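Since the structure comes first, as structure tokens, the remarks are kept for the end.
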Amino acid sequence: MNTICVYCGSNAGNNPAYAAQARALGARLAADGIALVYGGGNVGLMGIVADAVLANGGDVIGVIPQQLVDWEVAHRGVTRLEVVDSMHTRKARMFELSDGFVALPGGFGTLDEMFEMLTWRQLGLGKKPCAFLDVNGFWQPLMAMLDSMVRERFLHAEQRNDLWHGDDIDILLAWMRDYLPAQADKWLDEKRRSQLKLTPEDV
């Protein structure tokens, strides 16, 4: 683990515990010599975790689309700021730079980014660990939704269990360092992509 990408809100939320967890994670990454990769913003939990890494002597790599730079939300004090042309390019670049992914509380963007990484891993496009670092049960409803996906046979149990969820940073980092990806196939019921054929009834 040389670099960890953190996805999180561009707002700080209404509970001080969210910011406290972001600061704790940033300080721990710096202490362990792990560089932070993140969305390059100076606002919300994004700015808080970046500032915590920097305040503790760590390295921060921000990746931000030009549109957000134009909106003046880019963090100018990070170790390295990469400005890209689009959100799509941003996600791909963050994937390239990172050895693993952690989601702190956030909104649409946080879910979009983390679930794209989970989908890429499910399709065999990456083998990097993904974790949800919780605060006061923020991610519990999402974990319940994933359990429902397993029960309704839209998701393998192995793939559901192939991510970490909890609120302990020590346990999180130990899990990421020892991570071995699940070997479950994307398709349920032993169907392979080559065997799937649409019929008029499916359309």
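Naming scheme: A, B, ... for chains in displayed order of the structure tokens; residues 1 onward per chain; ligands 1 onward as shown.
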Find the residues around A:Ile64 up to 6 Å (only C-alpha atoms counted), leave out those fewer than 4 positions away in its own chain, and share them as a PyMOL selection string. chain A and resi 39-40+83
Running DSSP on the backbone, which parts of stretch 59-189 of chain A land in helix (DSSP H, G or I), as a ChimeraX atom specification? /A:66-70,87-97,108-122,140-151,157-160,169-177,188-189
Residues flagged strand (DSSP E or B) by DSSP in stretch 110-175 of chain A, as a PyMOL selection string: chain A and resi 130-133+164-166
Mind writing the picked residues with C-alpha atoms as an mmCIF file, in the first residue's frame?
```
data_model
loop_
_atom_site.group_PDB
_atom_site.id
_atom_site.type_symbol
_atom_site.label_atom_id
_atom_site.label_comp_id
_atom_site.auth_asym_id
_atom_site.auth_seq_id
_atom_site.Cartn_x
_atom_site.Cartn_y
_atom_site.Cartn_z
ATOM 1 C CA CYS A 130 -12.404 -1.300 -1.801
ATOM 2 C CA ALA A 131 -13.557 -0.296 1.686
ATOM 3 C CA PHE A 132 -16.305 1.782 3.285
ATOM 4 C CA LEU A 133 -15.028 3.589 6.371
ATOM 5 C CA TRP A 164 -14.643 -4.071 3.805
ATOM 6 C CA HIS A 165 -17.033 -2.113 5.981
ATOM 7 C CA GLY A 166 -16.333 -0.834 9.463
#
```
With a distance cut-off of 9 Å and only C-alpha atoms, select the neighbouring residues of A:Leu104, excluding the residue or stretch itself and same-chain residues fewer than 5 positions from it, and output the selection as a list in words. Val6, Tyr7, Cys8, Gly9, Tyr18, Gln21, Ala22, Leu45, Thr110, Ala131, Phe132, Leu133, Asp134, Val135 and Trp139 of chain A
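With only C-alpha atoms as the basis for measurement, A:Leu25 is the residue among A:Leu25, A:Met117, A:Met87, A:Leu36 that approaches A:Ile169 most closely.
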Residue neighbourhood A:Leu180, 12 Å, only C-alpha atoms, exclusion window fewer than 5 positions, as a ChimeraX atom specification: /A:100,121,126-130,158-159,161-164,175
Give me a file of those residues, with all heavy atoms, as a compact mmCIF listing (two decimals), in the first residue's frame.
```txt
# COMPACT_ATOMS: atom_id res chain seq x y z
N GLY A 100 -5.55 1.14 -3.60
CA GLY A 100 -6.79 0.75 -2.96
C GLY A 100 -7.70 1.96 -2.82
O GLY A 100 -7.27 3.10 -3.06
N ARG A 121 -13.79 -4.13 -10.78
CA ARG A 121 -13.21 -5.32 -10.15
C ARG A 121 -14.05 -6.55 -10.44
O ARG A 121 -13.53 -7.64 -10.71
CB ARG A 121 -13.09 -5.09 -8.63
CG ARG A 121 -12.18 -6.07 -7.94
CD ARG A 121 -12.05 -5.75 -6.48
NE ARG A 121 -13.31 -5.88 -5.78
CZ ARG A 121 -13.49 -5.53 -4.51
NH1 ARG A 121 -12.50 -5.02 -3.82
NH2 ARG A 121 -14.65 -5.69 -3.93
N GLY A 126 -9.71 -4.87 -12.58
CA GLY A 126 -8.83 -4.45 -11.51
C GLY A 126 -8.95 -5.40 -10.34
O GLY A 126 -9.95 -6.10 -10.21
N LYS A 127 -7.94 -5.42 -9.50
CA LYS A 127 -7.93 -6.31 -8.33
C LYS A 127 -7.53 -5.54 -7.08
O LYS A 127 -6.82 -6.04 -6.23
CB LYS A 127 -6.98 -7.48 -8.56
CG LYS A 127 -7.38 -8.39 -9.72
CD LYS A 127 -6.42 -9.55 -9.86
CE LYS A 127 -6.84 -10.48 -10.99
NZ LYS A 127 -5.91 -11.63 -11.15
N LYS A 128 -8.03 -4.32 -6.98
CA LYS A 128 -7.64 -3.45 -5.88
C LYS A 128 -8.74 -3.41 -4.81
O LYS A 128 -9.92 -3.39 -5.13
CB LYS A 128 -7.37 -2.03 -6.41
CG LYS A 128 -6.26 -2.01 -7.46
CD LYS A 128 -6.03 -0.63 -8.02
CE LYS A 128 -4.94 -0.65 -9.09
NZ LYS A 128 -4.67 0.72 -9.62
N PRO A 129 -8.36 -3.40 -3.53
CA PRO A 129 -9.35 -3.47 -2.45
C PRO A 129 -10.19 -2.20 -2.35
O PRO A 129 -9.71 -1.09 -2.57
CB PRO A 129 -8.49 -3.66 -1.20
CG PRO A 129 -7.17 -3.07 -1.56
CD PRO A 129 -6.97 -3.35 -3.02
N CYS A 130 -11.45 -2.40 -1.98
CA CYS A 130 -12.40 -1.30 -1.80
C CYS A 130 -13.02 -1.40 -0.42
O CYS A 130 -13.45 -2.48 0.00
CB CYS A 130 -13.51 -1.37 -2.85
SG CYS A 130 -12.95 -1.16 -4.56
N GLU A 158 -19.96 -13.89 -2.59
CA GLU A 158 -18.50 -13.70 -2.54
C GLU A 158 -18.13 -12.27 -2.91
O GLU A 158 -17.21 -11.68 -2.33
CB GLU A 158 -17.80 -14.68 -3.48
CG GLU A 158 -17.88 -16.13 -3.03
CD GLU A 158 -19.11 -16.83 -3.59
OE1 GLU A 158 -20.03 -16.13 -4.07
OE2 GLU A 158 -19.14 -18.07 -3.55
N GLN A 159 -18.83 -11.71 -3.88
CA GLN A 159 -18.53 -10.34 -4.28
C GLN A 159 -19.03 -9.34 -3.25
O GLN A 159 -18.40 -8.30 -3.01
CB GLN A 159 -19.14 -10.07 -5.66
CG GLN A 159 -18.42 -10.85 -6.75
CD GLN A 159 -19.21 -10.91 -8.05
OE1 GLN A 159 -20.42 -10.67 -8.07
NE2 GLN A 159 -18.54 -11.26 -9.13
N ASN A 161 -19.02 -9.90 -0.11
CA ASN A 161 -18.06 -9.98 0.99
C ASN A 161 -16.66 -9.53 0.59
O ASN A 161 -15.76 -9.47 1.44
CB ASN A 161 -18.00 -11.42 1.51
CG ASN A 161 -19.30 -11.85 2.15
OD1 ASN A 161 -20.00 -11.04 2.76
ND2 ASN A 161 -19.64 -13.13 2.02
N ASP A 162 -16.48 -9.20 -0.70
CA ASP A 162 -15.17 -8.81 -1.20
C ASP A 162 -14.93 -7.31 -1.03
O ASP A 162 -14.18 -6.69 -1.79
CB ASP A 162 -15.04 -9.20 -2.68
CG ASP A 162 -13.61 -9.16 -3.17
OD1 ASP A 162 -12.70 -9.42 -2.37
OD2 ASP A 162 -13.40 -8.86 -4.36
N LEU A 163 -15.59 -6.71 -0.07
CA LEU A 163 -15.32 -5.33 0.30
C LEU A 163 -15.36 -5.25 1.82
O LEU A 163 -15.95 -6.09 2.49
CB LEU A 163 -16.33 -4.38 -0.33
CG LEU A 163 -17.82 -4.57 -0.03
CD1 LEU A 163 -18.25 -3.87 1.24
CD2 LEU A 163 -18.66 -4.08 -1.20
N TRP A 164 -14.72 -4.22 2.35
CA TRP A 164 -14.64 -4.07 3.81
C TRP A 164 -15.57 -2.96 4.24
O TRP A 164 -15.70 -1.93 3.57
CB TRP A 164 -13.21 -3.76 4.21
CG TRP A 164 -12.99 -3.70 5.69
CD1 TRP A 164 -12.66 -4.74 6.51
CD2 TRP A 164 -13.08 -2.54 6.52
NE1 TRP A 164 -12.53 -4.29 7.81
CE2 TRP A 164 -12.79 -2.95 7.84
CE3 TRP A 164 -13.38 -1.19 6.27
CZ2 TRP A 164 -12.79 -2.05 8.91
CZ3 TRP A 164 -13.39 -0.30 7.33
CH2 TRP A 164 -13.09 -0.73 8.64
N TRP A 175 -6.62 -4.98 6.68
CA TRP A 175 -7.38 -5.73 5.67
C TRP A 175 -6.88 -5.40 4.27
O TRP A 175 -6.71 -6.28 3.43
CB TRP A 175 -8.87 -5.42 5.79
CG TRP A 175 -9.70 -6.08 4.73
CD1 TRP A 175 -10.18 -7.36 4.73
CD2 TRP A 175 -10.13 -5.50 3.49
NE1 TRP A 175 -10.88 -7.61 3.58
CE2 TRP A 175 -10.87 -6.49 2.79
CE3 TRP A 175 -9.96 -4.24 2.90
CZ2 TRP A 175 -11.44 -6.26 1.55
CZ3 TRP A 175 -10.52 -4.01 1.65
CH2 TRP A 175 -11.25 -5.00 0.99
```
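In this comparison, which uses only C-alpha atoms, the residue of A:Arg23, A:His75, A:Arg80, A:Lys91 approaching A:Cys5 most closely is A:Lys91.
With only C-alpha atoms as the atoms that count, the minimum distance from A:Met176 to the choices A:Glu82, A:Glu72, A:Glu116, A:Asp99 is reached by A:Asp99.
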Identify, on the basis of only C-alpha atoms, every residue whose closest approach to A:Leu173 does not exceed 9 Å; exclude the query and any residue fewer than 5 positions from it along the same chain; express the result as number ranges by chain. A: 1, 168, 178
Just give me the gap between atom CA of A:Ala20 and atom CA of A:Leu172 in Å, one decimal is fine. 16.5 Å
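Using only C-alpha atoms, the shortest contact distance between A:Pro181 and any of A:Met46, A:Gly124, A:Gln140, A:Met149 is found at A:Gly124.
The space between atom CA of A:Gly106 and atom CA of A:Ala74 spans 17.9 Å.
Going from atom CA of A:Arg76 over to atom CA of A:Val102, you cover 22.8 Å.
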May I have the residues within 10 Å of A:Arg93 as a count of residues only, using only C-alpha atoms and disregarding those fewer than 2 positions away in the same chain? 14
